[in-house]
file protein-v7.tsv (TSV, C-alpha atoms)
chain	number	residue	atom	x	y	z
M	1	MET	CA	0.00	0.00	0.00
M	2	GLU	CA	1.40	3.37	-1.02
M	3	ILE	CA	0.10	6.93	-0.69
M	4	LYS	CA	1.40	9.56	-3.09
M	5	GLN	CA	0.39	13.21	-2.98
M	6	LEU	CA	-0.36	14.68	-6.43
M	7	ASN	CA	-0.34	18.38	-7.23
M	8	ILE	CA	-3.24	18.99	-9.60
M	9	ASP	CA	-4.74	22.10	-7.95
M	10	ASP	CA	-3.53	24.20	-5.00
M	11	LYS	CA	-7.07	24.35	-3.58
M	12	LEU	CA	-7.21	20.55	-3.36
M	13	THR	CA	-5.44	17.63	-1.69
M	14	CYS	CA	-5.16	14.77	-4.20
M	15	LEU	CA	-3.91	11.44	-2.83
M	16	ALA	CA	-3.11	8.57	-5.19
M	17	LEU	CA	-3.53	5.25	-3.38
M	18	THR	CA	-1.99	2.07	-4.79
M	19	GLY	CA	-1.94	-1.54	-3.65
M	20	SER	CA	-4.13	-3.40	-1.19
M	21	LEU	CA	-6.09	-1.59	1.55
M	22	ASP	CA	-6.18	-4.64	3.80
M	23	LEU	CA	-5.71	-5.11	7.53
M	24	GLY	CA	-1.91	-5.17	7.45
M	25	SER	CA	-1.44	-2.19	5.16
M	26	VAL	CA	-4.08	-0.03	6.85
M	27	MET	CA	-2.40	-0.56	10.23
M	28	ALA	CA	0.82	0.68	8.61
M	29	VAL	CA	-0.47	3.74	6.73
M	30	LYS	CA	-3.51	5.06	8.60
M	31	SER	CA	-1.54	7.68	10.53
M	32	GLU	CA	0.07	9.02	7.37
M	33	PHE	CA	-3.28	9.02	5.56
M	34	ALA	CA	-4.93	10.95	8.41
M	35	ARG	CA	-2.11	13.50	8.40
M	36	LEU	CA	-2.25	14.06	4.63
M	37	ALA	CA	-6.05	14.26	4.54
M	38	ALA	CA	-6.16	16.83	7.36
M	39	SER	CA	-4.95	19.58	5.07
M	40	GLY	CA	-7.91	21.92	5.46
M	41	LYS	CA	-8.77	21.35	1.77
M	42	PRO	CA	-11.19	19.07	-0.09
M	43	VAL	CA	-9.67	15.62	-0.74
M	44	LEU	CA	-9.69	13.65	-3.98
M	45	LEU	CA	-8.66	9.98	-3.67
M	46	GLU	CA	-7.30	8.65	-6.97
M	47	MET	CA	-7.91	4.89	-6.51
M	48	SER	CA	-7.24	3.32	-9.92
M	49	GLY	CA	-4.22	1.56	-8.41
M	50	VAL	CA	-6.11	0.06	-5.44
M	51	THR	CA	-6.55	-3.69	-5.96
M	52	PHE	CA	-8.43	-4.52	-2.74
M	53	ILE	CA	-10.30	-2.73	0.02
M	54	ALA	CA	-11.82	-4.17	3.21
M	55	SER	CA	-13.92	-2.41	5.82
M	56	CYS	CA	-10.80	-1.32	7.72
M	57	GLY	CA	-9.75	0.70	4.64
M	58	MET	CA	-13.18	2.28	4.43
M	59	GLN	CA	-13.05	3.12	8.13
M	60	MET	CA	-9.68	4.80	7.57
M	61	VAL	CA	-11.34	7.02	4.95
M	62	LEU	CA	-14.42	7.67	7.13
M	63	SER	CA	-12.27	8.66	10.10
M	64	ALA	CA	-10.47	11.25	7.97
M	65	LEU	CA	-13.78	12.51	6.54
M	66	LYS	CA	-15.27	12.84	10.00
M	67	ARG	CA	-12.50	15.24	10.97
M	68	MET	CA	-12.80	17.10	7.65
M	69	ASN	CA	-16.58	17.53	7.99
M	70	THR	CA	-16.08	19.82	10.94
M	71	ALA	CA	-14.84	22.28	8.33
M	72	GLU	CA	-17.60	21.31	5.82
M	73	LEU	CA	-15.05	19.96	3.37
M	74	LYS	CA	-15.84	17.13	0.97
M	75	MET	CA	-14.04	14.00	-0.17
M	76	ALA	CA	-14.45	12.07	-3.44
M	77	VAL	CA	-13.04	8.94	-5.09
M	78	LEU	CA	-11.77	8.84	-8.67
M	79	ASN	CA	-11.57	5.76	-10.93
M	80	PRO	CA	-11.74	2.75	-8.59
M	81	GLN	CA	-11.32	-0.73	-10.09
M	82	PRO	CA	-14.61	-2.67	-10.57
M	83	MET	CA	-14.37	-4.93	-7.49
M	84	VAL	CA	-13.26	-2.03	-5.28
M	85	LYS	CA	-16.17	0.06	-6.59
M	86	THR	CA	-18.59	-2.82	-5.92
M	87	ALA	CA	-17.39	-3.14	-2.31
M	88	TRP	CA	-17.58	0.66	-1.90
M	89	GLU	CA	-21.21	0.63	-3.09
M	90	ILE	CA	-22.28	-2.38	-0.97
M	91	ALA	CA	-20.82	-0.78	2.16
M	92	GLY	CA	-22.83	2.39	1.50
M	93	MET	CA	-19.72	4.50	1.12
M	94	MET	CA	-21.15	6.22	-1.99
M	95	ILE	CA	-23.52	8.16	0.29
M	96	VAL	CA	-20.69	10.00	2.03
M	97	VAL	CA	-17.75	9.67	-0.40
M	98	PRO	CA	-19.11	9.46	-3.97
M	99	VAL	CA	-17.25	7.85	-6.86
M	100	PHE	CA	-16.46	9.58	-10.15
M	101	THR	CA	-14.97	8.32	-13.39
M	102	ASP	CA	-13.88	11.71	-14.68
M	103	GLN	CA	-11.81	14.29	-12.90
M	104	ALA	CA	-13.91	17.29	-13.98
M	105	SER	CA	-17.06	15.91	-12.32
M	106	ALA	CA	-15.12	15.07	-9.17
M	107	LEU	CA	-13.70	18.59	-8.97
M	108	GLU	CA	-17.16	20.06	-9.50
M	109	TYR	CA	-18.51	17.98	-6.57
M	110	LEU	CA	-15.61	19.19	-4.42
M	111	ASN	CA	-16.43	22.81	-5.36
M	112	ILE	CA	-13.07	23.29	-7.08
M	113	LYS	CA	-13.54	25.90	-9.83
Z	1	MET	CA	-11.27	-33.18	-4.36
Z	2	GLY	CA	-9.36	-30.06	-5.42
Z	3	LYS	CA	-6.26	-28.53	-3.95
Z	4	SER	CA	-6.56	-27.48	-0.31
Z	5	LEU	CA	-4.82	-25.39	2.33
Z	6	SER	CA	-5.07	-25.58	6.14
Z	7	LEU	CA	-3.71	-22.83	8.39
Z	8	LYS	CA	-3.89	-22.00	12.09
Z	9	ILE	CA	-3.24	-18.70	13.87
Z	10	GLY	CA	-3.68	-17.21	17.32
Z	11	ASN	CA	-6.21	-14.49	18.14
Z	12	ASP	CA	-3.82	-11.77	17.01
Z	13	LEU	CA	-4.43	-9.23	14.23
Z	14	ASN	CA	-0.79	-9.32	13.11
Z	15	GLU	CA	-1.02	-13.09	12.64
Z	16	LEU	CA	-4.27	-12.61	10.74
Z	17	ALA	CA	-2.57	-10.17	8.36
Z	18	VAL	CA	0.10	-12.80	7.62
Z	19	LEU	CA	-2.54	-15.50	7.10
Z	20	CYS	CA	-4.45	-13.27	4.66
Z	21	ARG	CA	-1.29	-12.83	2.55
Z	22	GLU	CA	-0.65	-16.61	2.57
Z	23	VAL	CA	-4.19	-17.38	1.41
Z	24	HIS	CA	-4.00	-14.70	-1.29
Z	25	ASN	CA	-0.70	-16.05	-2.60
Z	26	PHE	CA	-2.04	-19.64	-2.57
Z	27	LEU	CA	-5.07	-18.67	-4.66
Z	28	GLU	CA	-2.98	-16.64	-7.10
Z	29	ASP	CA	-0.49	-19.51	-7.47
Z	30	GLU	CA	-3.44	-21.79	-8.32
Z	31	LYS	CA	-4.51	-19.32	-11.05
Z	32	VAL	CA	-7.87	-18.52	-9.44
Z	33	PRO	CA	-9.42	-15.47	-11.19
Z	34	ALA	CA	-9.21	-12.08	-9.46
Z	35	ALA	CA	-12.90	-11.70	-8.52
Z	36	PRO	CA	-13.23	-14.90	-6.44
Z	37	VAL	CA	-9.81	-14.22	-4.88
Z	38	TYR	CA	-11.12	-10.80	-3.79
Z	39	LYS	CA	-14.22	-12.36	-2.20
Z	40	ILE	CA	-12.24	-15.00	-0.28
Z	41	ASP	CA	-9.67	-12.42	0.88
Z	42	LEU	CA	-12.51	-10.20	2.09
Z	43	SER	CA	-14.38	-13.03	3.87
Z	44	ILE	CA	-11.35	-14.12	5.86
Z	45	GLU	CA	-10.29	-10.61	6.83
Z	46	GLU	CA	-13.76	-9.41	7.85
Z	47	MET	CA	-14.94	-12.53	9.68
Z	48	LEU	CA	-11.72	-13.19	11.58
Z	49	THR	CA	-11.13	-9.52	12.47
Z	50	ASN	CA	-14.51	-9.67	14.20
Z	51	VAL	CA	-13.59	-12.88	16.00
Z	52	ILE	CA	-10.26	-11.52	17.24
Z	53	LYS	CA	-11.68	-8.16	18.33
Z	54	TYR	CA	-14.96	-9.22	19.92
Z	55	SER	CA	-15.11	-12.97	20.67
Z	56	TYR	CA	-12.87	-13.32	23.71
Z	57	ASP	CA	-13.09	-11.92	27.23
Z	58	ASP	CA	-9.71	-13.16	28.45
Z	59	ASN	CA	-6.11	-12.45	27.45
Z	60	ASP	CA	-5.33	-16.09	26.71
Z	61	ARG	CA	-4.12	-17.32	23.36
Z	62	HIS	CA	-6.88	-18.99	21.33
Z	63	GLU	CA	-6.51	-20.99	18.15
Z	64	ILE	CA	-8.35	-20.03	14.97
Z	65	SER	CA	-8.27	-22.42	12.02
Z	66	VAL	CA	-8.86	-21.83	8.32
Z	67	TYR	CA	-9.47	-24.49	5.68
Z	68	LEU	CA	-9.60	-23.66	1.99
Z	69	GLN	CA	-10.48	-26.00	-0.86
Z	70	ILE	CA	-10.42	-25.18	-4.57
Z	71	ASP	CA	-12.97	-27.21	-6.54
Z	72	PRO	CA	-13.43	-26.93	-10.30
Z	73	ASP	CA	-16.36	-24.53	-10.01
Z	74	ARG	CA	-16.06	-22.99	-6.55
Z	75	ILE	CA	-13.87	-22.24	-3.55
Z	76	LEU	CA	-14.92	-23.53	-0.14
Z	77	LEU	CA	-13.70	-21.66	2.94
Z	78	GLU	CA	-14.22	-22.86	6.52
Z	79	MET	CA	-13.25	-20.79	9.58
Z	80	ARG	CA	-13.37	-22.16	13.14
Z	81	ASP	CA	-12.87	-20.42	16.48
Z	82	ASP	CA	-13.64	-21.12	20.14
Z	83	GLY	CA	-14.94	-17.64	20.95
Z	84	HIS	CA	-18.38	-16.64	22.16
Z	85	GLU	CA	-21.25	-18.06	20.16
Z	86	PHE	CA	-21.84	-15.62	17.32
Z	87	ASN	CA	-23.90	-16.24	14.21
Z	88	PRO	CA	-22.97	-13.63	11.58
Z	89	LEU	CA	-26.08	-14.54	9.60
Z	90	GLU	CA	-28.22	-13.23	12.45
Z	91	ALA	CA	-26.23	-10.03	12.96
Z	92	PRO	CA	-28.29	-6.93	12.10
Z	93	LEU	CA	-27.62	-5.57	8.63
Z	94	SER	CA	-25.52	-2.43	8.51
Z	95	ASP	CA	-27.78	0.62	8.15
Z	96	LEU	CA	-26.41	2.31	5.07
Z	97	SER	CA	-28.17	5.54	5.96
Z	98	ASP	CA	-26.25	5.85	9.22
Z	99	GLU	CA	-24.41	9.07	9.77
Z	100	ILE	CA	-20.62	8.72	9.72
Z	101	GLU	CA	-20.42	8.81	13.49
Z	102	LEU	CA	-22.75	5.83	13.85
Z	103	ARG	CA	-21.12	3.46	11.37
Z	104	ARG	CA	-19.70	0.33	12.97
Z	105	VAL	CA	-16.65	-1.53	11.63
Z	106	GLY	CA	-18.01	-4.97	12.47
Z	107	GLY	CA	-21.41	-4.34	10.95
Z	108	MET	CA	-19.94	-3.07	7.72
Z	109	GLY	CA	-17.56	-6.03	7.33
Z	110	ILE	CA	-20.25	-8.66	7.95
Z	111	HIS	CA	-22.61	-6.88	5.56
Z	112	LEU	CA	-19.90	-6.76	2.87
Z	113	THR	CA	-19.11	-10.47	3.24
Z	114	ARG	CA	-22.72	-11.65	3.31
Z	115	THR	CA	-23.50	-9.63	0.19
Z	116	MET	CA	-20.43	-10.48	-1.90
Z	117	VAL	CA	-20.11	-14.27	-1.41
Z	118	ASP	CA	-22.33	-16.84	-3.14
Z	119	ALA	CA	-23.24	-18.82	0.00
Z	120	ILE	CA	-22.51	-18.55	3.72
Z	121	SER	CA	-23.56	-20.79	6.60
Z	122	TYR	CA	-22.98	-20.96	10.36
Z	123	LEU	CA	-22.81	-23.88	12.79
Z	124	ARG	CA	-22.21	-23.92	16.57
Z	125	ASP	CA	-20.59	-27.25	17.46
Z	126	GLY	CA	-19.88	-27.59	21.18
Z	127	ASN	CA	-17.74	-24.57	22.01
Z	128	THR	CA	-16.74	-23.96	18.39
Z	129	ASN	CA	-18.10	-21.45	15.87
Z	130	MET	CA	-17.83	-22.63	12.26
Z	131	VAL	CA	-18.51	-20.29	9.35
Z	132	ALA	CA	-18.47	-21.80	5.87
Z	133	VAL	CA	-18.31	-19.64	2.76
Z	134	SER	CA	-18.65	-20.68	-0.87
Z	135	VAL	CA	-17.51	-18.52	-3.78
Z	136	ASN	CA	-18.15	-19.48	-7.40
Z	137	ILE	CA	-15.09	-19.38	-9.63
Z	138	ASN	CA	-16.90	-18.43	-12.84

call {"tool": "encode", "arguments": {"input": "protein-v7.tsv", "output": "structure tokens"}}
result
Amino acid sequence: MEIKQLNIDDKLTCLALTGSLDLGSVMAVKSEFARLAASGKPVLLEMSGVTFIASCGMQMVLSALKRMNTAELKMAVLNPQPMVKTAWEIAGMMIVVPVFTDQASALEYLNIK
Amino acid sequence: MGKSLSLKIGNDLNELAVLCREVHNFLEDEKVPAAPVYKIDLSIEEMLTNVIKYSYDDNDRHEISVYLQIDPDRILLEMRDDGHEFNPLEAPLSDLSDEIELRRVGGMGIHLTRTMVDAISYLRDGNTNMVAVSVNIN
């Protein structure tokens, strides 16, 4: 599991996640993820490189969002693989962190002009 | 009978993480397609995380066993533990409308597993919980 910060807009935090968001990797990266997401900006998660996500990975995202929501900031997911998207939908994550397949729509949701 | 794998761990999340990697590598080595591998990986991680976190009151070491069998058309997974009696099929479904603050890790993981696998059953045998999962290969 790897987290890489991308610079696509200075009003946004874009984090590219790659690998497996399983129990072992989440225990290793959740502190770094929380730190990067707590930037005071909307967060876009580029997830095309994520091959697996379990509920612990979703909880890592929800924990970061919970802290962000105190500042009324939004989070969105871009381009998850089909099985990851299916798990995201079944868990009800789309309600709080919607999924987009194009960057422009994701930025519009995040109120990035 | 197809190829099989038997593993045992203690009630320790670090040992579970190692077991999950071993199962994943076994299925990949046997050329199982990605979708059923995902569902088996998810079932083991979600079910056994629940067992380790919530099934024991003491600090003793408890043994958890996993049996995996690859048949031509499906994968059979059996998980056994000696924790409190807990039937995941009777656990309340996760309320997807819950606010973020109310979402529970355990509820979400059980809901994910029950929805994504093709069959799941539970048996209490003496002091042992046994959860069996079946995932179609094609």

call {"tool": "residues_around", "arguments": {"input": "protein-v7.tsv", "residues": "Val37 in chain Z", "least_positions_apart": "2", "cutoff": "10 Å", "atoms": "all atoms listed in the file", "output": "list in words"}}
result
Val23, His24, Asn25, Phe26, Leu27, Glu28, Lys31, Val32, Pro33, Ala34, Ala35, Lys39, Ile40, Asp41, Leu42, Ser43, Ile75, Val135 and Ile137 of chain Z

call {"tool": "residues_around", "arguments": {"input": "protein-v7.tsv", "residues": "range 75-88 of chain M", "least_positions_apart": "3", "cutoff": "8 Å", "atoms": "only C-alpha atoms", "output": "JSON, numbers by chain"}}
result
{"M": [42, 43, 44, 45, 46, 47, 48, 49, 50, 51, 52, 53, 54, 58, 65, 91, 92, 93, 94, 97, 98, 99, 100, 101, 102, 103, 106, 109, 110], "Z": [35, 38, 112, 116]}

call {"tool": "atom_distance", "arguments": {"input": "protein-v7.tsv", "atom1": "CA of Glu72 in chain M", "atom2": "CA of Lys41 in chain M"}}
result
9.7 Å

call {"tool": "atom_distance", "arguments": {"input": "protein-v7.tsv", "atom1": "CA of Asp71 in chain Z", "atom2": "CA of Thr115 in chain Z"}}
result
21.6 Å

call {"tool": "residues_around", "arguments": {"input": "protein-v7.tsv", "residues": "Met1 in chain M", "least_positions_apart": "6", "cutoff": "10 Å", "atoms": "all atoms listed in the file", "output": "ChimeraX atom specification"}}
result
/M:17-22,24-26,28-29,49-52

call {"tool": "write_last_selection", "arguments": {"input": "protein-v7.tsv", "atoms": "C-alpha atoms", "output": "CSV table (one decimal), in the frame of the given file"}}
result
chain,number,residue,atom,x,y,z
M,17,LEU,CA,-3.5,5.2,-3.4
M,18,THR,CA,-2.0,2.1,-4.8
M,19,GLY,CA,-1.9,-1.5,-3.6
M,20,SER,CA,-4.1,-3.4,-1.2
M,21,LEU,CA,-6.1,-1.6,1.6
M,22,ASP,CA,-6.2,-4.6,3.8
M,24,GLY,CA,-1.9,-5.2,7.4
M,25,SER,CA,-1.4,-2.2,5.2
M,26,VAL,CA,-4.1,0.0,6.8
M,28,ALA,CA,0.8,0.7,8.6
M,29,VAL,CA,-0.5,3.7,6.7
M,49,GLY,CA,-4.2,1.6,-8.4
M,50,VAL,CA,-6.1,0.1,-5.4
M,51,THR,CA,-6.6,-3.7,-6.0
M,52,PHE,CA,-8.4,-4.5,-2.7

call {"tool": "atom_distance", "arguments": {"input": "protein-v7.tsv", "atom1": "CA of Glu85 in chain Z", "atom2": "CA of Tyr54 in chain Z"}}
result
10.9 Å

call {"tool": "residues_near_point", "arguments": {"input": "protein-v7.tsv", "point": "(-10.7, 13.8, 8.1)", "cutoff": "12 Å", "atoms": "only C-alpha atoms", "output": "PDB file with C-alpha atoms, in the coordinates of the input"}}
result
ATOM      1  CA  THR M  13      -5.440  17.630  -1.690  1.00  0.00           C
ATOM      2  CA  LYS M  30      -3.510   5.060   8.600  1.00  0.00           C
ATOM      3  CA  SER M  31      -1.540   7.680  10.530  1.00  0.00           C
ATOM      4  CA  GLU M  32       0.070   9.020   7.370  1.00  0.00           C
ATOM      5  CA  PHE M  33      -3.280   9.020   5.560  1.00  0.00           C
ATOM      6  CA  ALA M  34      -4.930  10.950   8.410  1.00  0.00           C
ATOM      7  CA  ARG M  35      -2.110  13.500   8.400  1.00  0.00           C
ATOM      8  CA  LEU M  36      -2.250  14.060   4.630  1.00  0.00           C
ATOM      9  CA  ALA M  37      -6.050  14.260   4.540  1.00  0.00           C
ATOM     10  CA  ALA M  38      -6.160  16.830   7.360  1.00  0.00           C
ATOM     11  CA  SER M  39      -4.950  19.580   5.070  1.00  0.00           C
ATOM     12  CA  GLY M  40      -7.910  21.920   5.460  1.00  0.00           C
ATOM     13  CA  LYS M  41      -8.770  21.350   1.770  1.00  0.00           C
ATOM     14  CA  PRO M  42     -11.190  19.070  -0.090  1.00  0.00           C
ATOM     15  CA  VAL M  43      -9.670  15.620  -0.740  1.00  0.00           C
ATOM     16  CA  GLN M  59     -13.050   3.120   8.130  1.00  0.00           C
ATOM     17  CA  MET M  60      -9.680   4.800   7.570  1.00  0.00           C
ATOM     18  CA  VAL M  61     -11.340   7.020   4.950  1.00  0.00           C
ATOM     19  CA  LEU M  62     -14.420   7.670   7.130  1.00  0.00           C
ATOM     20  CA  SER M  63     -12.270   8.660  10.100  1.00  0.00           C
ATOM     21  CA  ALA M  64     -10.470  11.250   7.970  1.00  0.00           C
ATOM     22  CA  LEU M  65     -13.780  12.510   6.540  1.00  0.00           C
ATOM     23  CA  LYS M  66     -15.270  12.840  10.000  1.00  0.00           C
ATOM     24  CA  ARG M  67     -12.500  15.240  10.970  1.00  0.00           C
ATOM     25  CA  MET M  68     -12.800  17.100   7.650  1.00  0.00           C
ATOM     26  CA  ASN M  69     -16.580  17.530   7.990  1.00  0.00           C
ATOM     27  CA  THR M  70     -16.080  19.820  10.940  1.00  0.00           C
ATOM     28  CA  ALA M  71     -14.840  22.280   8.330  1.00  0.00           C
ATOM     29  CA  GLU M  72     -17.600  21.310   5.820  1.00  0.00           C
ATOM     30  CA  LEU M  73     -15.050  19.960   3.370  1.00  0.00           C
ATOM     31  CA  LYS M  74     -15.840  17.130   0.970  1.00  0.00           C
ATOM     32  CA  MET M  75     -14.040  14.000  -0.170  1.00  0.00           C
ATOM     33  CA  VAL M  97     -17.750   9.670  -0.400  1.00  0.00           C
TER      34      VAL M  97
ATOM     35  CA  ILE Z 100     -20.620   8.720   9.720  1.00  0.00           C
TER      36      ILE Z 100
END

call {"tool": "decode", "arguments": {"input": "protein-v7.tsv", "residues": "range 49-82 of chain M", "atoms": "N, CA and C atoms", "output": "PDB file, in the first residue's frame"}}
result
ATOM      1  N   GLY M  49      -5.263   2.531  -8.734  1.00  0.00           N
ATOM      2  CA  GLY M  49      -4.225   1.557  -8.412  1.00  0.00           C
ATOM      3  C   GLY M  49      -4.532   0.710  -7.181  1.00  0.00           C
ATOM      4  N   VAL M  50      -5.737   0.857  -6.623  1.00  0.00           N
ATOM      5  CA  VAL M  50      -6.109   0.060  -5.444  1.00  0.00           C
ATOM      6  C   VAL M  50      -6.710  -1.265  -5.916  1.00  0.00           C
ATOM      7  N   THR M  51      -6.120  -2.369  -5.498  1.00  0.00           N
ATOM      8  CA  THR M  51      -6.554  -3.690  -5.959  1.00  0.00           C
ATOM      9  C   THR M  51      -7.524  -4.361  -4.989  1.00  0.00           C
ATOM     10  N   PHE M  52      -7.581  -3.884  -3.753  1.00  0.00           N
ATOM     11  CA  PHE M  52      -8.432  -4.524  -2.736  1.00  0.00           C
ATOM     12  C   PHE M  52      -8.743  -3.512  -1.647  1.00  0.00           C
ATOM     13  N   ILE M  53      -9.985  -3.539  -1.156  1.00  0.00           N
ATOM     14  CA  ILE M  53     -10.305  -2.728   0.024  1.00  0.00           C
ATOM     15  C   ILE M  53     -11.254  -3.518   0.920  1.00  0.00           C
ATOM     16  N   ALA M  54     -10.952  -3.550   2.202  1.00  0.00           N
ATOM     17  CA  ALA M  54     -11.819  -4.171   3.208  1.00  0.00           C
ATOM     18  C   ALA M  54     -12.399  -3.057   4.077  1.00  0.00           C
ATOM     19  N   SER M  55     -13.245  -3.433   5.024  1.00  0.00           N
ATOM     20  CA  SER M  55     -13.924  -2.410   5.820  1.00  0.00           C
ATOM     21  C   SER M  55     -12.943  -1.558   6.621  1.00  0.00           C
ATOM     22  N   CYS M  56     -11.774  -2.125   6.976  1.00  0.00           N
ATOM     23  CA  CYS M  56     -10.801  -1.316   7.724  1.00  0.00           C
ATOM     24  C   CYS M  56     -10.298  -0.150   6.864  1.00  0.00           C
ATOM     25  N   GLY M  57     -10.158  -0.374   5.554  1.00  0.00           N
ATOM     26  CA  GLY M  57      -9.747   0.698   4.643  1.00  0.00           C
ATOM     27  C   GLY M  57     -10.823   1.760   4.529  1.00  0.00           C
ATOM     28  N   MET M  58     -12.078   1.311   4.501  1.00  0.00           N
ATOM     29  CA  MET M  58     -13.179   2.276   4.428  1.00  0.00           C
ATOM     30  C   MET M  58     -13.270   3.073   5.727  1.00  0.00           C
ATOM     31  N   GLN M  59     -13.033   2.405   6.851  1.00  0.00           N
ATOM     32  CA  GLN M  59     -13.055   3.119   8.126  1.00  0.00           C
ATOM     33  C   GLN M  59     -11.932   4.147   8.211  1.00  0.00           C
ATOM     34  N   MET M  60     -10.782   3.842   7.604  1.00  0.00           N
ATOM     35  CA  MET M  60      -9.684   4.799   7.566  1.00  0.00           C
ATOM     36  C   MET M  60     -10.136   6.069   6.830  1.00  0.00           C
ATOM     37  N   VAL M  61     -10.841   5.881   5.731  1.00  0.00           N
ATOM     38  CA  VAL M  61     -11.342   7.018   4.953  1.00  0.00           C
ATOM     39  C   VAL M  61     -12.417   7.770   5.744  1.00  0.00           C
ATOM     40  N   LEU M  62     -13.341   7.024   6.368  1.00  0.00           N
ATOM     41  CA  LEU M  62     -14.425   7.671   7.134  1.00  0.00           C
ATOM     42  C   LEU M  62     -13.886   8.473   8.317  1.00  0.00           C
ATOM     43  N   SER M  63     -12.856   7.938   8.964  1.00  0.00           N
ATOM     44  CA  SER M  63     -12.271   8.662  10.103  1.00  0.00           C
ATOM     45  C   SER M  63     -11.705  10.002   9.652  1.00  0.00           C
ATOM     46  N   ALA M  64     -11.030   9.996   8.498  1.00  0.00           N
ATOM     47  CA  ALA M  64     -10.473  11.247   7.968  1.00  0.00           C
ATOM     48  C   ALA M  64     -11.591  12.206   7.574  1.00  0.00           C
ATOM     49  N   LEU M  65     -12.656  11.664   6.961  1.00  0.00           N
ATOM     50  CA  LEU M  65     -13.777  12.506   6.544  1.00  0.00           C
ATOM     51  C   LEU M  65     -14.481  13.124   7.747  1.00  0.00           C
ATOM     52  N   LYS M  66     -14.601  12.338   8.796  1.00  0.00           N
ATOM     53  CA  LYS M  66     -15.273  12.843  10.004  1.00  0.00           C
ATOM     54  C   LYS M  66     -14.567  14.085  10.532  1.00  0.00           C
ATOM     55  N   ARG M  67     -13.247  14.058  10.516  1.00  0.00           N
ATOM     56  CA  ARG M  67     -12.500  15.243  10.966  1.00  0.00           C
ATOM     57  C   ARG M  67     -12.644  16.393   9.973  1.00  0.00           C
ATOM     58  N   MET M  68     -12.655  16.054   8.663  1.00  0.00           N
ATOM     59  CA  MET M  68     -12.801  17.098   7.649  1.00  0.00           C
ATOM     60  C   MET M  68     -14.147  17.782   7.727  1.00  0.00           C
ATOM     61  N   ASN M  69     -15.225  16.997   8.034  1.00  0.00           N
ATOM     62  CA  ASN M  69     -16.576  17.529   7.988  1.00  0.00           C
ATOM     63  C   ASN M  69     -16.797  18.657   8.991  1.00  0.00           C
ATOM     64  N   THR M  70     -15.948  18.720  10.010  1.00  0.00           N
ATOM     65  CA  THR M  70     -16.079  19.823  10.939  1.00  0.00           C
ATOM     66  C   THR M  70     -15.794  21.152  10.234  1.00  0.00           C
ATOM     67  N   ALA M  71     -15.102  21.079   9.111  1.00  0.00           N
ATOM     68  CA  ALA M  71     -14.837  22.283   8.325  1.00  0.00           C
ATOM     69  C   ALA M  71     -15.677  22.302   7.049  1.00  0.00           C
ATOM     70  N   GLU M  72     -16.697  21.404   6.975  1.00  0.00           N
ATOM     71  CA  GLU M  72     -17.600  21.312   5.823  1.00  0.00           C
ATOM     72  C   GLU M  72     -16.841  21.102   4.516  1.00  0.00           C
ATOM     73  N   LEU M  73     -15.800  20.304   4.570  1.00  0.00           N
ATOM     74  CA  LEU M  73     -15.050  19.962   3.372  1.00  0.00           C
ATOM     75  C   LEU M  73     -15.507  18.596   2.874  1.00  0.00           C
ATOM     76  N   LYS M  74     -15.372  18.380   1.556  1.00  0.00           N
ATOM     77  CA  LYS M  74     -15.839  17.131   0.966  1.00  0.00           C
ATOM     78  C   LYS M  74     -14.675  16.253   0.533  1.00  0.00           C
ATOM     79  N   MET M  75     -15.009  14.972   0.318  1.00  0.00           N
ATOM     80  CA  MET M  75     -14.041  13.999  -0.174  1.00  0.00           C
ATOM     81  C   MET M  75     -14.707  13.214  -1.304  1.00  0.00           C
ATOM     82  N   ALA M  76     -13.922  12.852  -2.325  1.00  0.00           N
ATOM     83  CA  ALA M  76     -14.451  12.067  -3.443  1.00  0.00           C
ATOM     84  C   ALA M  76     -13.414  11.050  -3.889  1.00  0.00           C
ATOM     85  N   VAL M  77     -13.906  10.000  -4.555  1.00  0.00           N
ATOM     86  CA  VAL M  77     -13.043   8.938  -5.088  1.00  0.00           C
ATOM     87  C   VAL M  77     -13.064   9.008  -6.611  1.00  0.00           C
ATOM     88  N   LEU M  78     -11.890   8.817  -7.210  1.00  0.00           N
ATOM     89  CA  LEU M  78     -11.775   8.842  -8.669  1.00  0.00           C
ATOM     90  C   LEU M  78     -11.265   7.498  -9.181  1.00  0.00           C
ATOM     91  N   ASN M  79     -11.995   6.921 -10.145  1.00  0.00           N
ATOM     92  CA  ASN M  79     -11.565   5.759 -10.931  1.00  0.00           C
ATOM     93  C   ASN M  79     -11.199   4.495 -10.142  1.00  0.00           C
ATOM     94  N   PRO M  80     -12.054   4.027  -9.251  1.00  0.00           N
ATOM     95  CA  PRO M  80     -11.736   2.750  -8.589  1.00  0.00           C
ATOM     96  C   PRO M  80     -11.903   1.584  -9.554  1.00  0.00           C
ATOM     97  N   GLN M  81     -11.159   0.496  -9.303  1.00  0.00           N
ATOM     98  CA  GLN M  81     -11.318  -0.729 -10.089  1.00  0.00           C
ATOM     99  C   GLN M  81     -12.696  -1.333  -9.794  1.00  0.00           C
ATOM    100  N   PRO M  82     -13.218  -2.179 -10.708  1.00  0.00           N
ATOM    101  CA  PRO M  82     -14.607  -2.668 -10.568  1.00  0.00           C
ATOM    102  C   PRO M  82     -14.913  -3.333  -9.230  1.00  0.00           C
TER     103      PRO M  82
END
